[in-house]
Structure formats: C-alpha cells, structure tokens
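Heads up: the structure comes next, in structure tokens.
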Amino acid sequence: MSDIRHELARHIEQGVIPPFNYAYPSRSAYRPLNGAWNIQDIWAQDLKRHPVPELNLYLHVPFCRYKCGFCNLYTVISEDMDVYDAYMDALCTQIRDHAEVIQSRRLRTVYIGGGTPSLLSLRHFEQLFATLDEVYPNWRSTVEEVAIEATPDSVVNEPDTLGGLIDLGLTRANIGIQSLVPAEIREAGRGQANERVIRQAVEIIREKQLPNLSTDLIMGFAGQTPESWRHSVDELAALAPETVSTYFLTVRPDAWFSRTGAYQYMMSPDLYERYDYANAAFAAAGYVQESNVRYKKLGRGGYQQKVLTFHGIPLLGLGAGARSYTSSVDYMVGSVKPSLTEVADYITKARNHELTPVTGFVLNDEEIIRKRLVLDSFDLDLGELDRFGYQETAHLFEPVLEAAEEVGLIRRLPTNRIQLTPSGFKYRDILSWMFFSKNVIDLDREYYAGLHKSNKRAQKHMGAEPVSISGLKTANG
C-alpha cells in the first residue's frame with residue numbers, strides 16, 4: 001500500500017473532519033503584497049489565461065445586528081443608517097472603478113454577501129443595482145443568478161425589502177437557519193432566529209415567490225443529539241426549500257467561541273452518521289447532491305456562483321472584506337481583521353479611488369492546478385489543466401488521484417474526466433487537503449499557530465479551558 005493510499009484510508013477510517021474547503025488557498029495563507037501588484041495588472045494577466053472571458057461578482061456588506069459565536073467571517077456590528085449610506089456610496093464607487101474589468105467579461109452571477117446585507121434599506125439596493133445598470137447595462141440578461149444573504153429575523157422585520165429585491169431581479173436568498181431545535185439555536189448565539197421566526201421567514205419568502213430559497217443546517221452543535229439532528233433534517237425537508245446545505249461545525253481560532261474557549265462543540269467521527277442521515281433524507285425528498293455540503297431541487301435550486309468559481313471562473317470581490325479570486329493573484333483590498341475602523345478606512349479609500357491589493361497569494365501554474373483539484377473534483381476534465389502544465393507536473397497529483405481511485409473516492413471516465421463517487425462526496429474535504437501545496441500548508445499553520453497562542457493567553461486571563469479542534473496534519477484551522 002502506498003503511503004498516500006495508507007494516509008487517505010487512515011483518515012477515512014478515523015473519521016477525520018477537516019474544515020470545508022470552499023477556497024484555495026484559504027485566507028490564512030494570504031500575506032502582505034507590499035505594493036507588488038495593482039488591480040489592473042492582476043486582471044489583465046487573468047484575462048490572458050481564459051479563452052472564454054467570464055466573471056462572477058461578489059459584493060460584500062459587512063454589517064450584522066449580532067455576531068454568531070461560530071462565525072469567523074468579516075463582519076462588524078452596526079445598525080447605523082448613516083454608516084450604511086456611506087458604505088453603499090463607497091461600494092458603488094468601487095464598482096465604477098472596476099468598470100473595465102467587468103465590461104471585459106461576460107457577467108455570470110451577482111452575489112451580495114456579508115454580514116447581513118438584508119439589513120440595508122431598499123433604497124440602498126436600488127442605488128447598487130442602478131450602478132450595475134450603468135456599468136454593465138445588460139447584466140440582468142447575462143447573469144444566471146442574483147443572490148443575497150439574509151437572516152430569518154431580517155426577512156420578518158422588513159418583508160417589503162425582500163419584495164423590492166425580487167422586483168429588482170433577485171433570484172436566490174441564503175437564509176441562515178443552522179438548526180430547528182430551539183435550544184441549539186440559542187446555544188449558538190442565534191436567539192433572534194427562533195423556530196417561529198424561521199418558519200415565518202419561509203412563509204414570507206413563499207408569498208413573495210422568490211425562485212430559490214437556500215437554507216443550511218449545522219452538524220455538531222453543543223447538545224445536539226442524533227435525534228435532534230434528525231428532527232432538524234426532517235422539518236427542513238418538509239419546508240422544502242429549493243437548496244439545502246449541511247455543514248460540519250468547525251469553530252476556527254478566529255471565531256468568538258474559540259477566543260473564549262467557552263463553547264464545547266462536537267468533533268467526532270459519529271458526525272458522519274448525521275451526514276448519512278441527511279443524505280438519505282434529502283434524496284428521499286427529491287433533492288440531488290450538488291456538492292459535499294449542498295443539495296438542490298433539479299431545475300430550481302443550487303448555488304451557481306460557487307459552482308462556477310470552483311470551475312475556475314474568476315470572482316471579482318468588492319467591499320471591505322471581499323476576496324477576489326483570479327488565475328494570477330487571489331487578494332483583498334483591506335485587512336483580514338474586521339473592525340469599524342477598517343470599514344471607515346475602506347470607505348475613505350474607495351471615495352478617493354485609493355483601494356489597492358493589500359494582502360493575498362500569488363498563484364503560479366502549479367497552484368492553479370492545485371486550486372482546481374482541491375475545489376472541483378466533483379466533476380473535472382483534467383484536460384482543462386493542460387494549459388497550466390498538468391502533463392509536466394502530473395507526478396505531483398496522479399499519486400493522489402490513483403490512491404483516491406483505489407479507496408473508492410473517485411472514478412475516471414475514458415475522456416480523462418474524474419468524478420467523485422458517493423463516498424468521494426462524503427469524504428471530499430479529506431481528499432481536498434491531500435492536494436494542498438507545502439507552501440500553503442506552512443502558511444496556514446503559521447497563521448493559526450499565532451491565533452492559538454493569542455487565544456490561550458485570552459483564555460488564561462478569563463480562566464477558560466481552550467477548545468480542541470481536530471483536523472488533518474495539513475490543516476491547523
């Protein structure tokens with residue numbers, strides 16, 4: 001048995017639960033770019049690599065009413081309408097400053113993420129969409145989805161905003177549910193999103209006839225039992241949203257639960273039994289699996305921006321905490337540590353047209369190949385990677401693919417296409433970590449080692465025990 005096959009089989013046997021890989025490299029691998037790259041050069045180089053120029057657009061709104069204990073996203077707590085006004089002015093200015101980047105490509109998706117962008121007023125979205133009309137007049141004709149993130153309470157409190165967004169072209173809303181068990185919701189810091197509010201939000205969304213309601217559930221909350229998990233799955237299947245995501249709870253060191261050490265959540269191989277239950281239950285309810293974490297109703301559901309990004313179509317991220325994914329450099333224009341001060345700095349720089357890549361990761365051909373293998377092994381034509389030198393570097397990747405085939409995670413089609421098997425979907429994140437480069441692994445470890453030290457100091461000061469986070473040897477986050 002090869003070392004790689006043995007390692008892969010051992011991780012599966014042990015039921016290791018690594019973090020969900022939705023980006024490669026992860027934010028933890030970003031480092032200061034020190035002025036070495038500007039936006040024009042990054043996107044000009046990216047354009048040369050793509051025979052069919054296309055684009056995903058991600059617009060970041062960082063504001064929330066409250067901070068969930070497990071969240072490590074770029075969010076700040078604010079309900080100040082004056083701040084919202086200034087931020088939207090800045091975001092629209094940034095869109096106009098990227099007009100050439102957007103106009104040089106076919107726009108495929110628009111996603112307004114956060115944060116909780118549904119906290120904004122309808123007039124903010126009218127301003128945003130008018131700016132898109134100005135920069136890319138036919139965007140509603142070319143995009144395949146227009147999506148927004150929202151909380152159940154924001155939908156219930158401002159139903160007219162949702163209706164106005166649908167009139168403007170919204171096709172999908174991601175509504176954070178996480179659980180349909182009241183005690184689990186409260187323990188996770190989501191007391192505002194109780195079960196009654198969740199059901200009320202779903203009812204409003206149905207009345208407004210939004211084409212695609214996307215919801216999520218999390219496996220591993222403190223106090224969650226197999227019975228309570230089955231209850232959440234069954235209740236959500238009965239609500240019949242077009243898209244469902246199910247995640248293993250991973251509390252990263254930069255989330256509040258890890259900083260305080262006060263939340264003892266579950267990281268056990270037994271959680272894969274919960275995956276199996278959800279997989280079977282949603283299949284029985286008429287869903288098909290789009291990824292290892294997502295199920296959709298055919299012809300109605302899905303998360304198109306994520307699928308296209310995994311396929312290698314670049315993403316332009318605009319806003320204070322947004323990341324841009326290209327084939328030359330993945331980057332951010334602001335700090336990775338969110339604060340109102342950082343948001344104010346973003347607003348000032350956007351107004352003055354001074355935003356520039358601050359931190360990121362420079363991609364060579366090998367890292368581009370690794371990115372596609374990490375993210376897109378669900379269904380990937382390896383021939384697409386030849387323009388990045390796959391044949392010359394195949395010795396770096398084929399042993400992993402051969403091992404994955406031997407243990408039943410992938411199948412190879414005669415056309416040089418690989419696809420995940422049902423077991424491959426289940427253990428996709430274990431396989432994905434096997435494609436990480438040593439450089440990315442080392443940067444990830446360095447970043448999280450610093451956070452762990454900081455957390456231990458804070459926990460010692462507060463008298464709390466640190467949280468233990470399981471993971472593969474290639475991932476400390």
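Letters for chains follow the order of the structure tokens (A, B, ...), residue numbers begin at 1 for each chain, and ligand numbers begin at 1 in the order shown.
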All residues 9 Å or closer to Ala344 (chain A), only C-alpha atoms, same chain fewer than 3 positions away omitted, as a PyMOL selection string: chain A and resi 83+86-87+339-341+347-349
List every residue of region 123-256 of chain A that DSSP, applied to the backbone, labels as alpha helix (DSSP H), and write the result as number ranges by chain. A: 123-135, 139-142, 152-157, 159-168, 182-187, 195-207, 226-239, 256
Close residues, Ala44 (chain A) itself excluded, 10 Å, only C-alpha atoms, min 3 positions apart in chain, as a list in words: Ile39, Gln40, Asp41, Leu47, Lys48, Arg49, Val101, Ser104 and Ser328 of chain A
May I ask which of the residues A:Tyr427, A:Phe221, A:Phe361, A:Tyr22 is the closest one to Asp330 (chain A), counting only C-alpha atoms? A:Phe361
With a distance cut-off of 9 Å and only C-alpha atoms, select the neighbouring residues of region 118-135 of chain A, excluding the residue or stretch itself and same-chain residues fewer than 4 positions from it, and output the selection as JSON, numbers by chain. {"A": [61, 63, 64, 65, 79, 81, 84, 85, 88, 89, 91, 92, 93, 95, 96, 98, 99, 100, 102, 103, 139, 140, 148, 149, 150, 151, 154, 155, 158, 160, 161, 162, 164, 165, 168]}
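Every residue of region 28-102 of chain A found in strand (DSSP E) when DSSP is run on the backbone appears here: A:Arg31, A:Pro32, A:Glu54, A:Leu55, A:Asn56, A:Leu57, A:Tyr58, A:Leu59, A:His60, A:Val61, A:Phe63, A:Cys64, A:Val76, A:Ile77.
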Residues of region 352-456 of chain A within 9 Å of region 283-307 of chain A: nearest atom pair and distance (Å, one decimal) for each, counting only C-alpha atoms, sorted by chain and number, as a tab-separated table?
residue	atom	partner	partner_atom	distance
A:Asp376	CA	A:Val307	CA	8.4
A:Phe378	CA	A:Ser291	CA	7.0
A:Gly424	CA	A:Asn292	CA	8.4
A:Phe425	CA	A:Asn292	CA	4.8
A:Lys426	CA	A:Asn292	CA	6.0
A:Tyr427	CA	A:Asn292	CA	7.9
A:Arg428	CA	A:Asn292	CA	6.5
A:Asp429	CA	A:Asn292	CA	8.2
I need the residue nearest Leu396 (chain A) from this list: A:Asn21, A:Tyr325, A:Ser335, A:Ile4. Use only C-alpha atoms for the distance.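 Of all the options, A:Ile4 lies closest to Leu396 (chain A).
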May I have the residues within 12 Å of Met434 (chain A) as a VMD selection string, using only C-alpha atoms and disregarding those fewer than 2 positions away in the same chain? chain A and resid 3 to 5 7 to 9 11 18 21 370 to 371 373 to 375 396 to 401 403 to 404 427 to 432 436 to 438 440 to 441 472 to 475
Length of the CA of Gly319 (chain A) to CA of Tyr346 (chain A) vector [Å]: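 Straight-line distance from CA of Gly319 (chain A) to CA of Tyr346 (chain A) works out to 7.9 Å.
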